[in-house]
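What follows is model.cif (mmCIF, C-alpha atoms).
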data_my_file
#
loop_
_atom_site.group_PDB
_atom_site.id
_atom_site.type_symbol
_atom_site.label_atom_id
_atom_site.label_comp_id
_atom_site.auth_asym_id
_atom_site.auth_seq_id
_atom_site.Cartn_x
_atom_site.Cartn_y
_atom_site.Cartn_z
ATOM 1 C CA MET E 214 -4.725 36.372 46.576
ATOM 2 C CA VAL E 215 -4.718 35.595 42.847
ATOM 3 C CA ALA E 216 -5.416 38.415 40.418
ATOM 4 C CA PRO E 217 -8.751 38.027 38.557
ATOM 5 C CA ASN E 218 -7.098 38.141 35.112
ATOM 6 C CA ALA E 219 -4.651 35.379 36.061
ATOM 7 C CA LEU E 220 -7.522 33.261 37.368
ATOM 8 C CA VAL E 221 -9.510 33.693 34.153
ATOM 9 C CA GLY E 222 -6.415 32.778 32.114
ATOM 10 C CA LYS E 223 -5.884 29.631 34.186
ATOM 11 C CA VAL E 224 -9.552 28.614 33.811
ATOM 12 C CA ASN E 225 -9.343 29.126 30.032
ATOM 13 C CA GLU E 226 -6.200 26.990 29.875
ATOM 14 C CA ILE E 227 -7.890 24.183 31.816
ATOM 15 C CA LEU E 228 -10.976 24.351 29.572
ATOM 16 C CA VAL E 229 -8.857 24.201 26.419
ATOM 17 C CA GLN E 230 -7.116 21.074 27.703
ATOM 18 C CA ALA E 231 -10.315 19.436 28.973
ATOM 19 C CA ILE E 232 -12.541 20.238 26.003
ATOM 20 C CA GLY E 233 -10.177 21.250 23.202
ATOM 21 C CA GLU E 234 -8.071 18.093 22.946
ATOM 22 C CA PRO E 235 -10.998 15.616 22.891
ATOM 23 C CA LEU E 236 -12.823 17.875 20.428
ATOM 24 C CA ARG E 237 -9.737 18.107 18.175
ATOM 25 C CA TYR E 238 -9.361 14.325 18.322
ATOM 26 C CA LEU E 239 -13.021 13.764 17.414
ATOM 27 C CA VAL E 240 -13.043 16.247 14.520
ATOM 28 C CA ASN E 241 -9.778 14.941 13.058
ATOM 29 C CA TRP E 242 -11.000 11.355 13.430
ATOM 30 C CA GLY E 243 -14.070 12.227 11.362
ATOM 31 C CA ARG E 244 -11.940 13.952 8.731
ATOM 32 C CA LEU E 245 -9.415 11.187 8.274
ATOM 33 C CA TYR E 246 -11.996 8.444 7.813
ATOM 34 C CA SER E 247 -14.203 10.329 5.354
ATOM 35 C CA LEU E 248 -11.941 11.679 2.616
ATOM 36 C CA TRP E 249 -13.822 12.605 -0.550
ATOM 37 C CA PRO E 250 -11.357 12.802 -3.435
ATOM 38 C CA VAL E 251 -11.348 14.746 -6.683
ATOM 39 C CA HIS E 252 -9.359 12.969 -9.382
ATOM 40 C CA VAL E 253 -7.543 15.053 -11.981
ATOM 41 C CA GLU E 254 -6.460 12.393 -14.438
ATOM 42 C CA THR E 255 -4.272 13.355 -17.380
ATOM 43 C CA ALA E 256 -2.088 10.290 -17.982
ATOM 44 C CA CYS E 257 -1.461 6.611 -17.289
ATOM 45 C CA CYS E 258 -1.425 6.819 -13.471
ATOM 46 C CA SER E 259 -5.220 6.755 -13.512
ATOM 47 C CA ILE E 260 -5.087 3.083 -14.525
ATOM 48 C CA GLU E 261 -3.132 2.226 -11.387
ATOM 49 C CA PHE E 262 -5.535 4.280 -9.295
ATOM 50 C CA GLY E 263 -8.363 2.230 -10.796
ATOM 51 C CA ALA E 264 -6.498 -0.944 -9.831
ATOM 52 C CA THR E 265 -6.190 0.397 -6.303
ATOM 53 C CA HIS E 266 -9.978 0.678 -6.014
ATOM 54 C CA GLY E 267 -10.551 -2.976 -6.829
ATOM 55 C CA PRO E 268 -11.520 -5.586 -4.253
ATOM 56 C CA ARG E 269 -7.896 -6.637 -3.681
ATOM 57 C CA PHE E 270 -6.731 -3.353 -2.147
ATOM 58 C CA ASP E 271 -10.050 -1.677 -1.223
ATOM 59 C CA PRO E 272 -9.084 1.845 -0.051
ATOM 60 C CA GLU E 273 -12.601 2.344 1.302
ATOM 61 C CA ARG E 274 -11.532 0.468 4.421
ATOM 62 C CA PHE E 275 -9.121 3.362 5.078
ATOM 63 C CA GLY E 276 -11.830 5.976 4.588
ATOM 64 C CA LEU E 277 -11.288 7.004 0.935
ATOM 65 C CA LEU E 278 -14.907 7.351 -0.160
ATOM 66 C CA GLU E 279 -15.869 7.549 -3.826
ATOM 67 C CA ALA E 280 -19.159 9.341 -3.244
ATOM 68 C CA PHE E 281 -19.322 13.049 -3.970
ATOM 69 C CA GLY E 282 -21.607 15.475 -5.728
ATOM 70 C CA SER E 283 -19.432 18.461 -6.561
ATOM 71 C CA LEU E 284 -16.052 20.027 -5.909
ATOM 72 C CA ARG E 285 -17.537 22.014 -3.056
ATOM 73 C CA GLN E 286 -18.000 18.775 -1.106
ATOM 74 C CA CYS E 287 -14.548 17.259 -1.724
ATOM 75 C CA ASP E 288 -11.563 17.697 0.567
ATOM 76 C CA LEU E 289 -8.826 15.711 -1.221
ATOM 77 C CA LEU E 290 -7.330 16.545 -4.619
ATOM 78 C CA ILE E 291 -5.390 13.747 -6.300
ATOM 79 C CA VAL E 292 -3.423 14.849 -9.358
ATOM 80 C CA PHE E 293 -2.288 12.098 -11.746
ATOM 81 C CA GLY E 294 -0.029 12.636 -14.692
ATOM 82 C CA THR E 295 1.319 15.509 -16.706
ATOM 83 C CA VAL E 296 0.130 19.044 -16.003
ATOM 84 C CA THR E 297 0.613 21.456 -18.901
ATOM 85 C CA ARG E 298 0.852 25.225 -18.656
ATOM 86 C CA LYS E 299 -2.499 25.521 -20.411
ATOM 87 C CA PHE E 300 -4.150 23.217 -17.878
ATOM 88 C CA ALA E 301 -2.515 24.807 -14.805
ATOM 89 C CA PRO E 302 -5.100 27.629 -14.348
ATOM 90 C CA ARG E 303 -7.918 25.067 -14.453
ATOM 91 C CA LEU E 304 -6.189 22.926 -11.868
ATOM 92 C CA LYS E 305 -5.746 25.960 -9.629
ATOM 93 C CA MET E 306 -9.428 26.799 -10.095
ATOM 94 C CA ILE E 307 -10.392 23.265 -9.022
ATOM 95 C CA TYR E 308 -8.211 23.620 -5.920
ATOM 96 C CA ASP E 309 -9.683 27.025 -5.059
ATOM 97 C CA GLN E 310 -13.261 25.693 -5.278
ATOM 98 C CA MET E 311 -12.661 23.062 -2.639
ATOM 99 C CA PRO E 312 -13.587 23.967 0.969
ATOM 100 C CA GLU E 313 -11.095 24.156 3.823
ATOM 101 C CA PRO E 314 -9.500 22.005 5.121
ATOM 102 C CA LYS E 315 -8.229 20.465 1.910
ATOM 103 C CA TRP E 316 -5.342 18.204 1.057
ATOM 104 C CA VAL E 317 -3.403 17.438 -2.142
ATOM 105 C CA ILE E 318 -1.703 14.251 -3.292
ATOM 106 C CA ALA E 319 0.660 14.344 -6.286
ATOM 107 C CA MET E 320 0.680 10.881 -7.847
ATOM 108 C CA GLY E 321 3.353 9.774 -10.280
ATOM 109 C CA ALA E 322 6.559 11.210 -11.651
ATOM 110 C CA CYS E 323 4.723 13.542 -14.047
ATOM 111 C CA ALA E 324 2.763 15.303 -11.298
ATOM 112 C CA ILE E 325 5.829 15.540 -9.062
ATOM 113 C CA THR E 326 8.592 16.568 -11.502
ATOM 114 C CA GLY E 327 7.158 16.631 -15.017
ATOM 115 C CA GLY E 328 8.140 13.016 -15.634
ATOM 116 C CA LEU E 329 9.294 12.010 -19.098
ATOM 117 C CA TYR E 330 8.310 15.417 -20.429
ATOM 118 C CA PHE E 331 10.266 17.515 -17.886
ATOM 119 C CA ASP E 332 12.194 19.371 -20.600
ATOM 120 C CA SER E 333 9.147 20.252 -22.694
ATOM 121 C CA TYR E 334 8.287 23.934 -22.920
ATOM 122 C CA ASN E 335 4.636 23.442 -22.034
ATOM 123 C CA VAL E 336 4.883 20.962 -19.116
ATOM 124 C CA LEU E 337 5.054 22.120 -15.512
ATOM 125 C CA PRO E 338 7.954 20.712 -13.497
ATOM 126 C CA GLY E 339 5.592 19.536 -10.760
ATOM 127 C CA ILE E 340 2.483 21.001 -9.179
ATOM 128 C CA ASP E 341 4.233 22.415 -6.092
ATOM 129 C CA ASP E 342 4.227 25.921 -7.591
ATOM 130 C CA LEU E 343 0.436 25.872 -8.056
ATOM 131 C CA MET E 344 -0.669 24.544 -4.684
ATOM 132 C CA PRO E 345 0.752 23.039 -1.504
ATOM 133 C CA VAL E 346 1.219 19.275 -1.843
ATOM 134 C CA ASP E 347 0.742 17.177 1.283
ATOM 135 C CA VAL E 348 1.860 13.745 0.048
ATOM 136 C CA TYR E 349 3.928 12.662 -2.948
ATOM 137 C CA ILE E 350 3.569 9.201 -4.515
ATOM 138 C CA PRO E 351 6.668 8.528 -6.645
ATOM 139 C CA GLY E 352 6.713 6.068 -9.525
ATOM 140 C CA CYS E 353 5.797 5.778 -13.164
ATOM 141 C CA PRO E 354 3.094 4.647 -12.511
ATOM 142 C CA PRO E 355 3.122 3.995 -8.769
ATOM 143 C CA ARG E 356 1.931 0.656 -7.480
ATOM 144 C CA PRO E 357 -1.398 0.348 -5.627
ATOM 145 C CA GLU E 358 0.497 -0.384 -2.424
ATOM 146 C CA SER E 359 2.165 3.032 -2.732
ATOM 147 C CA VAL E 360 -1.228 4.686 -3.065
ATOM 148 C CA LEU E 361 -2.429 3.020 0.131
ATOM 149 C CA GLN E 362 0.780 4.021 1.934
ATOM 150 C CA ALA E 363 0.270 7.636 0.828
ATOM 151 C CA LEU E 364 -3.298 7.523 2.107
ATOM 152 C CA ILE E 365 -2.073 6.300 5.498
ATOM 153 C CA MET E 366 0.574 9.055 5.557
ATOM 154 C CA LEU E 367 -2.111 11.656 4.815
ATOM 155 C CA GLN E 368 -4.265 10.273 7.607
ATOM 156 C CA GLU E 369 -1.365 10.659 10.037
ATOM 157 C CA LYS E 370 -0.964 14.283 8.947
ATOM 158 C CA ILE E 371 -4.692 14.903 9.460
ATOM 159 C CA ARG E 372 -4.615 13.178 12.854
ATOM 160 C CA LYS E 373 -1.900 15.563 14.080
ATOM 161 C CA SER E 374 -3.414 18.736 12.613
ATOM 162 C CA LYS E 375 -4.754 21.575 14.738
ATOM 163 C CA LEU E 376 -8.306 22.920 14.586
ATOM 164 C CA ARG E 377 -8.760 26.360 13.107
#
Any chance you could put this one into structure tokens?
Amino acid sequence: MVAPNALVGKVNEILVQAIGEPLRYLVNWGRLYSLWPVHVETACCSIEFGATHGPRFDPERFGLLEAFGSLRQCDLLIVFGTVTRKFAPRLKMIYDQMPEPKWVIAMGACAITGGLYFDSYNVLPGIDDLMPVDVYIPGCPPRPESVLQALIMLQEKIRKSKLR
């Protein structure tokens, strides 16, 4: 005879496997093909990001949609260029206004390490101290192919994520 608590635990485990995994797959599939980005553009990397959105590379085919109304609808923060100490609280405020789940991409040497201005007193040595960064795109400025590769890497991370 099986104890009632053990039976309930086994039934819950079976339900999680039968319903939970397909549900997780479906939710993550919807998330990774409908990313709504917020662009924080402070330097020359924004030109390369504009080149990425042309007809040659077309990131919309990967699910990067350029249609949003406010920060409260966006789930991807892309930071281009130099972040100064004066701008850091604003950037943190933008990040905090975004709903969960949210992801961050640091694009370019300036956003990752401070770039050419790393030894300046008012430039942050990367945005890692402000917020968790999911994908880094190195370069000064990075090529459009690198932006697409970072988008694919972020999609893989979303695909493997757990539901909360």
Nearest to Ala256 of chain E by atom-to-atom distance, counting only C-alpha atoms, from E:Ser283, E:Pro354, E:Leu343, E:Arg269: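 Closest residue, counting only C-alpha atoms: E:Pro354.
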Residue among E:Met320, E:Met306, E:Ala264, E:Leu277 lying closest to Pro355 of chain E, counting all atoms listed in the file: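 For Pro355 of chain E, the nearest of the candidates is E:Met320.
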Answer key for the PyMOL selection byres ((chain E and resi 262) around 9), residues as a VMD selection string: chain E and resid 258 to 261 263 to 266 293 355 to 357 360
Residue among E:Gly321, E:Pro314, E:Gly282, E:Gly276 lying closest to Leu376 of chain E, counting all atoms listed in the file: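 Smallest distance to Leu376 of chain E is found for E:Pro314.
Once Met344 of chain E and its same-chain neighbours fewer than 3 positions away are set aside, Leu290, Ile291, Val292, Ala301, Pro302, Leu304, Lys305, Met306, Ile307, Tyr308, Asp309, Lys315, Trp316, Val317, Ile318, Ala319, Ala324, Ile325, Gly339, Ile340, Asp341 and Asp347 of chain E remain within 12 Å of it when counting only C-alpha atoms.
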Atom pair atom CA of Glu313 of chain E / atom CA of Gly243 of chain E: separation (Å):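 We find that atom CA of Glu313 of chain E and atom CA of Gly243 of chain E lie 14.4 Å from each other.
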Minimum-distance residue to Ala322 of chain E, chosen among E:Asn335, E:Ser359, E:Ser247, E:Thr295 (using only C-alpha atoms):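 The closest residue to Ala322 of chain E is E:Thr295.
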Specify the axis-aligned box that encloses all atoms of segment 335-338 of chain E listed in the file after padding of 6 Å on each side, stating its centre and edge lengths in Å to one decimal as JSON.
{"center_x": 6.3, "center_y": 22.1, "center_z": -17.8, "size_x": 15.3, "size_y": 14.7, "size_z": 20.5}
Residue among E:Cys323, E:Gly294, E:Asp342, E:Leu284 lying closest to Gln310 of chain E, counting only C-alpha atoms: E:Leu284
Selected residue of minimal separation from Val253 of chain E among E:Arg298, E:Arg303, E:Arg274, E:Arg285, counting all atoms listed in the file: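 For Val253 of chain E, the nearest of the given residues is E:Arg303.
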One-decimal distance in Å that lies between atom CA of Leu236 of chain E and atom CA of Lys373 of chain E: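 Between atom CA of Lys373 of chain E and atom CA of Leu236 of chain E the gap is 12.8 Å.
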The PyMOL selection byres ((chain E and resi 362-367) around 8) resolved against shown file, as a ChimeraX atom specification: /E:275,347-350,358-361,368-371
Atomic distance atom CA of Val240 of chain E - atom CA of Lys375 of chain E, expressed in Å with one decimal: 9.9 Å
